[in-house]
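Chemist: If you scroll down you'll find the structure; I have some questions about it.
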Amino acid sequence: MRVQGIRGNCRGYEKEHQYAAGRIAGCLDNNLIAMGFSIKGRNFIQNDKKVFLNSGEIHYFRIRRELWNRHLDEAVKAGLTSVSTYIPWAWHEPEEGLFDFVGSTCPEKDLEGWLSSCHEHGLTCIVKPGPFILAEFRGAGLPDWFIEKYGEEVRMRTRSGSRVMSDGVSLFNEKYLERVGLWYDRIMPLIRRNETSGGGPVIMMQICNEIGVFSWLAHQADYGNGVRERFIPWLEERFGSISELNNLWGTKYTGFDQIELPPDGQTPYASPGDRGRDNEWHLFWRRYYGDYLRVLTGMARERGVTVPLYHNLPGWIYGNGYEFPVNITMYEDLFNEKSEIIFGVDHIPEFVSYRNMHDDRIVNDITGAMQGRGPLFAAEFQSGSREYHVVTNPREMDLFYKASITNGLTGWNYYMFSQGRNAERKGYSGDTFYWFTPLTAEGDRTSAFASVERMSRILKVSGDIIVEARRRAEVCVLFYPPAYATELERPSGASGLRFVPSAIRRPAYFDGLLRVLQILNIDYDMADLNSATAESLSHYKQVWAFVTDEMDAPAQHTIADYITGGGSAVIYPYMPDRELSQKKCTVLRDALNLSPSGSEIIDSPLIDILGFRDIKCSNPIMTFAEGSLAGTEIIARTISGAPCGFTGNVGKGTVTYLGTWLGFDTEGHKPVYEALLKRSGAKLRQASSDNAYLTVRERFAPNGKALLFVANYYNEERSGMITYTHPESGEAVNLPLSGKKITWPGLYSVLTPVCLEISRGLKILHSSSDILGHEMKYGELHLTLCGERDLQGETVFEGQNAVNIKSADIGGTNVGFTRIGDRIALTYSHDHKKEMNLKIRFSDENK
């Protein structure tokens with residue numbers, strides 16, 4: 001039987017009662033507290049306490065009105081503290097000037113009722129009023145009447161004037177902004193009335209959604225609606241004179257007013273100057289998006305909204321995040337102190353495995369490095385699938401959720417928590433929105449529900465550690481945003497580049513260096529080279545730089561100053577010889593007093609490096625004259641014997657240069673990277689395993705606590721022992737405590753607090769179980785645990801009262817325990833897919 005969706009088209013609109021919108025002048029920063037909720041530094045704050053934002057997406061407009069309470073009841077039972085929803089402009093203003101926010105024309109339009117119901121359930125709300133929502137809503141959330149009336153005028157255009165086939169519009173079109181203003185006149189006062197500061201549930205608001213996605217997906221800029229009129233003044237701001245521009249671009253303009261917009265499509269670059277012009281084109285679009293979101297921010301603030309604002313970053317492609325950095329760079333003009341907006345990320349891995357186990361951490365690290373402030377928040381955090389053929393597996397999702405915490409998230413929004421049904425003619429994919437979600441559209445639980453509920457309980461137990469935990473790293477990898485500012489890039493043509501970043505960045509950097517560092521369990525940070533300084537990098541013992549032909553002088557200076565000031569850098573595969581404008585720039589070469597003398601292109605290229613022979617590499621291989629490397633250590637040679645890598649002293653520091661890139665697609669690459677890392681003298685790992693196929697990471701809180709993550713990303717069991725660093729003493733601790741190997745099930749992970757204080761003088765050192773709750777009752781400690789039946793259960797206690805543990809049982813069955821020094825290790829078997837109550841009794845001295 002077909003499941004009933006939202007009623008028809010919700011016809012018979014009536015004009016709502018008009019009300020005056022109060023306005024607040026000026027722009028508020030997002031440190032302002034809305035009834036105890038704020039953003040400070042890299043954390044969400046609730047009532048002056050750092051919290052993990054645990055939210056789930058439920059679309060009131062895709063669920064029958066009579067089922068709202070059922071969905072909210074289940075959200076509470078799942079342990080969520082907040083719910084998130086879009087507020088579609090098209091849904092609430094289906095005809096021009098006719099608004100419905102109270103359900104007078106259709107019960108599912110009762111936005112006021114939805115917010116009231118959330119509040120009654122004790123749930124806070126994140127709202128997303130667009131104007132663009134996307135969300136597989138036809139028209140991306142813009143009303144049909146608007147497109148019918150203004151579509152020809154507002155649609156994105158190619159350079160030839162034809163329409164770009166997407167839902168995007170020209171963001172500064174007057175009619176578009178005028179109608180957005182009228183929409184905001186109605187929706188923003190409603191949101192303001194429902195903020196927590198006014199006794200409502202709203203704590204945060206998204207300002208538009210993924211605005212750069214239209215150009216990214218279409219690989220096409222907008223050439224219509226006054227874009228040129230904004231581009232020309234921007235160029236005048238950038239260049240001192242038209243002659244300076246002509247010299248760089250190879251053009252003969254007599255004035256800025258003669259400048260034409262760059263070509264679109266697949267026209268190859270005609271010259272280095274043509275590529276330099278495209279660099280300015282990309283930079284312009286970053287300002288364009290920044291100005292647009294700042295305009296919307298001002299409009300929201302003027303209409304009274306005071307809650308923190310965020311915008312969402314997309315970028316996963318079929319379960320991989322290698323293109324995500326492109327989208328991050330598109331908002332470069334809004335990071336740090338350039339706006340009050342923070343940025344949420346999408347995390348949609350689809351199928352979690354060894355192949356994409358590194359992607360989410362890289363996305364988090366680059367977002368954190370570029371944003372500079374604000375929490376890492378997964379605004380669309382996979383829970384279900386928008387494509388029916390992508391069948392998500394709760395076991396994989398459990399692994400991914402724990403990894404995401406380990407990789408720095410301090411908030412997430414399960415997308416979707418509830419499935420939805422589209423009203424007629426509203427769904428991009430027909431009547432159903434999302435599959436395999438924790439709740440069906442009718443509010444019934446699926447197998448995914450237990451994962452969400454279990455993670456909520458883990459957050460409750462370990463949340464105070466999670467929000468404080470930071471990585472301890474002595475190695476840093478630089479991220480250079482221009483290498484990913486390529487959403488409009490054309491074929492390289494006559495640009496004269498030896499290394500085109502967009503052609504090699506995935507195998508050489510994203511799936512190469514950054515992946516192998518995680519496979520090797522290396523603790524490393526990432527830094528935005530455009531905002532980093534030699535001083536900010538100075539505490540790292542080694543810095544890695546993926547460098548191609550182009551790099552602006554300030555970035556080259558930063559690397560050079562870090563090295564000459566005493567740092568140790570690994571640079572590959574080239575030394576830049578120009579800026580992004582294509583102006584000659586050899587700052588880094590001059591600092592090293594070295595330049596490649598030639599190159600080799602070899603069929604099936606191999607090099608010998610650091611004693612390892614026949615290591616696969618890539619063409620071209622930059623080589624040096626033997627005599628030019630006097631005083632350095634030659635560490636790599638081509639198979640013809642030409643030097644292609646060296647280590648040398650520069651100022652107070654050292655540089656290691658490799659004139660090719662290795663990537664990571666053979667086993668032989670691992671020891672080479674390991675050898676290069678060890679040369680730094682850095683402590684490479686805070687936690688490790690004697691099985692190279694196990695992933696181990698540790699993060700430290702400032703209060704003597706830590707988080708330990710152990711994962712097996714393979715779909716078969718692995719045997720191994722874990723060693724980690726005690727957060728207080730610094731000693732090496734084993735898991736299991738005995739130091740013996742145990743079996744780690746396939747596609748499974750453990751996220752355990754380290755040194756979790758249970759009571760005075762008693763701490764849980766670690767556990768191989770999920771700790772879902774703990775309580776002292778009548779002198780006994782009750783632990784609620786859950787784990788995989790094939791994984792040995794172990795919970796270790798330390799502290800002065802640990803030795804007073806007298807006995808323990810699970811369901812009446814005695815649990816064995818071993819004393820090792822002043823620690824007590826309890827060992828047991830996990831019940832299959834069942835929670836367990838571990839009851840611990842103490843001797844009289846502890847009572």
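FYI, nothing fancy with the structure tokens labels: chains A, B, ... in order, residues from 1 per chain, ligands from 1 as they appear.
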What's the 9 Å shell around region 95-102 of chain A, counting only C-alpha atoms, without same-chain residues fewer than 3 positions away, as an MDAnalysis selection string?

Modeler: chainID A and resid 13:16 90:92 105:113 143:146 182 186:187 190

Chemist: Skipping near chain neighbours, those fewer than 2 positions away, what residues fall within 12 Å of Glu775 (chain A) using only C-alpha atoms, listed as JSON, numbers by chain?

Modeler: {"A": [461, 757, 758, 759, 771, 772, 773, 777, 778, 779, 780, 781, 782, 783, 784, 837, 838, 839, 840]}

Chemist: Please identify all polymer residues within 6 Å of region 423-439 of chain A, counting only C-alpha atoms, omitting same-chain residues fewer than 4 positions from it, and present them as a PyMOL selection string.

Modeler: chain A and resi 6+8-9+136-138+383-386+417-419+443-446+448-449

Chemist: Check the DSSP output for the backbone and give back, as a PyMOL selection string, the residues of region 416-611 of chain A in alpha helix (DSSP H).

Modeler: chain A and resi 449-466+501-505+514-519+534-537+553-564+587-592

Chemist: Could you turn the residues from that selection into a file that holds N, CA and C atoms, as a short mmCIF file (atom, residue, chain, number, x, y, z; two decimals), in the first residue's frame?

Modeler:
data_model
loop_
_atom_site.label_atom_id
_atom_site.label_comp_id
_atom_site.auth_asym_id
_atom_site.auth_seq_id
_atom_site.Cartn_x
_atom_site.Cartn_y
_atom_site.Cartn_z
N PHE A 449 18.38 3.64 14.11
CA PHE A 449 18.02 4.39 15.31
C PHE A 449 18.97 4.08 16.46
N ALA A 450 19.30 2.82 16.63
CA ALA A 450 20.14 2.41 17.76
C ALA A 450 21.50 3.09 17.73
N SER A 451 22.05 3.35 16.55
CA SER A 451 23.36 4.01 16.44
C SER A 451 23.29 5.42 17.00
N VAL A 452 22.23 6.14 16.63
CA VAL A 452 22.07 7.51 17.11
C VAL A 452 21.88 7.52 18.62
N GLU A 453 21.02 6.65 19.11
CA GLU A 453 20.74 6.60 20.55
C GLU A 453 22.01 6.23 21.33
N ARG A 454 22.79 5.30 20.81
CA ARG A 454 24.02 4.89 21.50
C ARG A 454 25.04 6.02 21.50
N MET A 455 25.17 6.73 20.38
CA MET A 455 26.13 7.85 20.34
C MET A 455 25.73 8.95 21.31
N SER A 456 24.43 9.19 21.47
CA SER A 456 23.97 10.20 22.43
C SER A 456 24.40 9.84 23.84
N ARG A 457 24.35 8.57 24.17
CA ARG A 457 24.75 8.13 25.51
C ARG A 457 26.27 8.22 25.69
N ILE A 458 27.01 7.92 24.63
CA ILE A 458 28.47 8.08 24.69
C ILE A 458 28.82 9.56 24.90
N LEU A 459 28.10 10.44 24.19
CA LEU A 459 28.33 11.87 24.36
C LEU A 459 28.02 12.32 25.78
N LYS A 460 27.00 11.77 26.37
CA LYS A 460 26.63 12.15 27.74
C LYS A 460 27.72 11.76 28.73
N VAL A 461 28.32 10.60 28.52
CA VAL A 461 29.38 10.12 29.42
C VAL A 461 30.69 10.86 29.18
N SER A 462 31.07 11.04 27.93
CA SER A 462 32.40 11.56 27.60
C SER A 462 32.39 12.95 27.00
N GLY A 463 31.23 13.60 26.96
CA GLY A 463 31.12 14.89 26.28
C GLY A 463 32.06 15.95 26.80
N ASP A 464 32.28 15.99 28.11
CA ASP A 464 33.17 17.01 28.68
C ASP A 464 34.60 16.84 28.19
N ILE A 465 35.00 15.60 27.93
CA ILE A 465 36.33 15.35 27.38
C ILE A 465 36.36 15.68 25.90
N ILE A 466 35.33 15.25 25.19
CA ILE A 466 35.27 15.44 23.73
C ILE A 466 35.41 16.90 23.34
N PRO A 501 48.33 21.93 -10.41
CA PRO A 501 47.85 21.44 -9.11
C PRO A 501 46.60 20.57 -9.20
N SER A 502 45.62 21.01 -9.99
CA SER A 502 44.36 20.27 -10.05
C SER A 502 44.53 18.87 -10.65
N ALA A 503 45.60 18.66 -11.42
CA ALA A 503 45.82 17.37 -12.06
C ALA A 503 46.48 16.36 -11.13
N ILE A 504 47.22 16.86 -10.13
CA ILE A 504 48.00 15.92 -9.29
C ILE A 504 47.65 15.99 -7.81
N ARG A 505 46.82 16.97 -7.40
CA ARG A 505 46.62 17.16 -5.96
C ARG A 505 45.95 15.97 -5.28
N LEU A 514 48.45 12.91 2.70
CA LEU A 514 47.52 13.01 3.83
C LEU A 514 46.91 11.66 4.18
N ARG A 515 46.80 10.79 3.21
CA ARG A 515 46.27 9.46 3.50
C ARG A 515 47.31 8.60 4.21
N VAL A 516 48.54 8.60 3.70
CA VAL A 516 49.55 7.73 4.29
C VAL A 516 49.88 8.15 5.72
N LEU A 517 49.80 9.44 6.02
CA LEU A 517 50.03 9.87 7.40
C LEU A 517 49.02 9.24 8.34
N GLN A 518 47.78 9.10 7.88
CA GLN A 518 46.77 8.47 8.72
C GLN A 518 46.95 6.96 8.78
N ILE A 519 47.33 6.35 7.67
CA ILE A 519 47.59 4.91 7.67
C ILE A 519 48.73 4.60 8.65
N ALA A 534 55.76 32.19 10.07
CA ALA A 534 56.91 31.39 10.51
C ALA A 534 56.86 31.17 12.02
N GLU A 535 56.38 32.18 12.74
CA GLU A 535 56.29 32.06 14.20
C GLU A 535 55.24 31.03 14.60
N SER A 536 54.07 31.06 13.94
CA SER A 536 53.02 30.11 14.30
C SER A 536 53.41 28.68 13.96
N LEU A 537 54.33 28.49 13.02
CA LEU A 537 54.79 27.16 12.65
C LEU A 537 56.00 26.71 13.45
N ALA A 553 54.39 35.44 -3.19
CA ALA A 553 55.59 35.76 -2.41
C ALA A 553 55.38 35.61 -0.90
N PRO A 554 54.26 36.12 -0.31
CA PRO A 554 54.12 35.97 1.14
C PRO A 554 54.15 34.51 1.60
N ALA A 555 53.54 33.61 0.83
CA ALA A 555 53.56 32.20 1.20
C ALA A 555 54.96 31.62 1.09
N GLN A 556 55.69 32.00 0.03
CA GLN A 556 57.07 31.55 -0.09
C GLN A 556 57.92 32.06 1.06
N HIS A 557 57.71 33.31 1.44
CA HIS A 557 58.45 33.88 2.57
C HIS A 557 58.17 33.10 3.87
N THR A 558 56.91 32.72 4.07
CA THR A 558 56.56 31.99 5.29
C THR A 558 57.35 30.69 5.39
N ILE A 559 57.40 29.93 4.29
CA ILE A 559 58.15 28.67 4.30
C ILE A 559 59.64 28.94 4.49
N ALA A 560 60.16 29.90 3.75
CA ALA A 560 61.59 30.21 3.85
C ALA A 560 61.96 30.69 5.25
N ASP A 561 61.13 31.54 5.84
CA ASP A 561 61.44 32.07 7.17
C ASP A 561 61.34 30.98 8.24
N TYR A 562 60.39 30.06 8.06
CA TYR A 562 60.29 28.94 9.00
C TYR A 562 61.57 28.11 8.97
N ILE A 563 62.09 27.85 7.77
CA ILE A 563 63.30 27.02 7.64
C ILE A 563 64.50 27.76 8.20
N THR A 564 64.73 28.98 7.74
CA THR A 564 65.93 29.71 8.17
C THR A 564 65.90 30.03 9.66
N VAL A 587 61.40 33.53 -4.38
CA VAL A 587 61.78 33.77 -2.99
C VAL A 587 62.31 32.50 -2.34
N LEU A 588 61.59 31.40 -2.52
CA LEU A 588 61.98 30.15 -1.88
C LEU A 588 63.26 29.60 -2.48
N ARG A 589 63.38 29.64 -3.79
CA ARG A 589 64.62 29.20 -4.45
C ARG A 589 65.81 30.01 -3.98
N ASP A 590 65.60 31.33 -3.86
CA ASP A 590 66.69 32.21 -3.44
C ASP A 590 67.12 31.91 -2.01
N ALA A 591 66.13 31.62 -1.15
CA ALA A 591 66.45 31.32 0.25
C ALA A 591 67.24 30.02 0.36
N LEU A 592 66.92 29.04 -0.49
CA LEU A 592 67.63 27.76 -0.48
C LEU A 592 68.91 27.82 -1.29
#

Chemist: I'd like to know which of A:Ile366, A:Leu735, A:Ala545, A:Met357 is closest to Glu332 (chain A), using only C-alpha atoms.

Modeler: A:Ile366

Chemist: Tell me, as a PyMOL selection string, which residues lie within 8 Å of region 308-315 of chain A, counting only C-alpha atoms; anything in the same chain fewer than 2 positions away does not count.

Modeler: chain A and resi 29-32+38-39+203-210+213+306+317+321-328+340-346+379

Chemist: Please, what distance in Å, to one decimal, runs between CA of His219 (chain A) and CA of Gly161 (chain A)?

Modeler: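 CA of His219 (chain A) sits 15.9 Å away from CA of Gly161 (chain A).
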
Chemist: State, in Å with one decimal place, the distance from CA of Thr158 (chain A) to CA of Ala221 (chain A).

Modeler: 7.1 Å

Chemist: Write out as a PyMOL selection string which residues come within 10 Å of Trp281 (chain A) when counting only C-alpha atoms, dropping same-chain ones fewer than 3 positions away.

Modeler: chain A and resi 221+231+235+261-262+275-278+284-286+488-489

Chemist: Could you write out the selected residues, including N, CA and C atoms, as a CSV table (one decimal), in the first residue's frame?

Modeler:
chain,number,residue,atom,x,y,z
A,221,ALA,N,30.9,29.8,-14.3
A,221,ALA,CA,30.6,31.1,-13.6
A,221,ALA,C,29.4,31.7,-14.2
A,231,PHE,N,33.0,43.1,-11.3
A,231,PHE,CA,34.4,42.7,-11.6
A,231,PHE,C,35.4,43.8,-11.8
A,235,LEU,N,38.8,44.8,-9.9
A,235,LEU,CA,40.2,44.9,-10.5
A,235,LEU,C,40.8,46.2,-10.3
A,261,LEU,N,35.3,39.9,-19.7
A,261,LEU,CA,35.3,38.8,-18.7
A,261,LEU,C,36.1,37.7,-19.3
A,262,PRO,N,36.8,36.9,-18.5
A,262,PRO,CA,37.5,35.7,-19.0
A,262,PRO,C,36.6,34.7,-19.7
A,275,ARG,N,46.3,32.5,-17.8
A,275,ARG,CA,46.1,31.8,-16.5
A,275,ARG,C,46.1,32.8,-15.3
A,276,GLY,N,47.0,33.8,-15.4
A,276,GLY,CA,47.0,34.8,-14.3
A,276,GLY,C,45.7,35.5,-14.2
A,277,ARG,N,45.1,35.8,-15.4
A,277,ARG,CA,43.8,36.5,-15.4
A,277,ARG,C,42.7,35.6,-14.7
A,278,ASP,N,42.8,34.3,-15.0
A,278,ASP,CA,41.9,33.4,-14.3
A,278,ASP,C,42.0,33.3,-12.8
A,284,PHE,N,38.0,36.9,-7.5
A,284,PHE,CA,36.8,37.8,-7.5
A,284,PHE,C,35.5,37.1,-7.0
A,285,TRP,N,35.4,35.8,-7.4
A,285,TRP,CA,34.2,35.1,-7.0
A,285,TRP,C,34.2,34.8,-5.5
A,286,ARG,N,35.4,34.7,-4.9
A,286,ARG,CA,35.4,34.6,-3.4
A,286,ARG,C,34.9,35.9,-2.8
A,488,LEU,N,36.5,27.0,-11.6
A,488,LEU,CA,36.3,27.5,-13.0
A,488,LEU,C,37.5,27.3,-13.9
A,489,GLU,N,38.5,26.5,-13.5
A,489,GLU,CA,39.7,26.4,-14.2
A,489,GLU,C,39.5,25.8,-15.6

Chemist: Could you tell me, as an mmCIF file with N, CA, C and O atoms, in the first residue's frame, which residues of region 131-234 of chain A DSSP assigns to strand (DSSP E) when given the backbone?

Modeler:
data_model
loop_
_atom_site.group_PDB
_atom_site.id
_atom_site.type_symbol
_atom_site.label_atom_id
_atom_site.label_comp_id
_atom_site.auth_asym_id
_atom_site.auth_seq_id
_atom_site.Cartn_x
_atom_site.Cartn_y
_atom_site.Cartn_z
ATOM 1 N N VAL A 202 14.783 28.440 19.215
ATOM 2 C CA VAL A 202 15.767 28.642 18.146
ATOM 3 C C VAL A 202 17.107 29.092 18.718
ATOM 4 O O VAL A 202 17.178 30.101 19.432
ATOM 5 N N ILE A 203 18.165 28.339 18.409
ATOM 6 C CA ILE A 203 19.502 28.662 18.916
ATOM 7 C C ILE A 203 20.474 29.077 17.813
ATOM 8 O O ILE A 203 21.500 29.698 18.097
ATOM 9 N N MET A 204 20.182 28.726 16.555
ATOM 10 C CA MET A 204 21.130 29.002 15.481
ATOM 11 C C MET A 204 20.380 29.022 14.158
ATOM 12 O O MET A 204 19.338 28.375 14.017
ATOM 13 N N MET A 205 20.940 29.763 13.183
ATOM 14 C CA MET A 205 20.277 29.892 11.887
ATOM 15 C C MET A 205 21.297 29.768 10.769
ATOM 16 O O MET A 205 22.379 30.353 10.836
ATOM 17 N N GLN A 206 20.917 29.012 9.744
ATOM 18 C CA GLN A 206 21.734 28.956 8.538
ATOM 19 C C GLN A 206 21.367 30.127 7.638
ATOM 20 O O GLN A 206 20.191 30.429 7.448
#

Chemist: Contacts of Leu606 (chain A) at 9 Å or less, counting only C-alpha atoms, minus same-chain residues fewer than 5 places along, as a PyMOL selection string?

Modeler: chain A and resi 613-618+638-639

Chemist: Could you name the residues that touch Arg760 (chain A) at 10 Å or less, counting only C-alpha atoms, but leaving out those on the same chain fewer than 3 positions away, as a list in words?

Modeler: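 Near Arg760 (chain A), the qualifying residues are Glu757, Lys763, Gly799, Gln800 and Asn801 of chain A.
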
Chemist: Can those selected residues be exported to a file as a CSV table (one decimal), in the first residue's frame so that it contains C-alpha atoms?

Modeler:
chain,number,residue,atom,x,y,z
A,757,GLU,CA,36.8,10.3,36.9
A,763,LYS,CA,39.0,6.7,37.4
A,799,GLY,CA,43.4,5.8,41.5
A,800,GLN,CA,43.8,5.2,45.2
A,801,ASN,CA,40.4,3.5,45.5
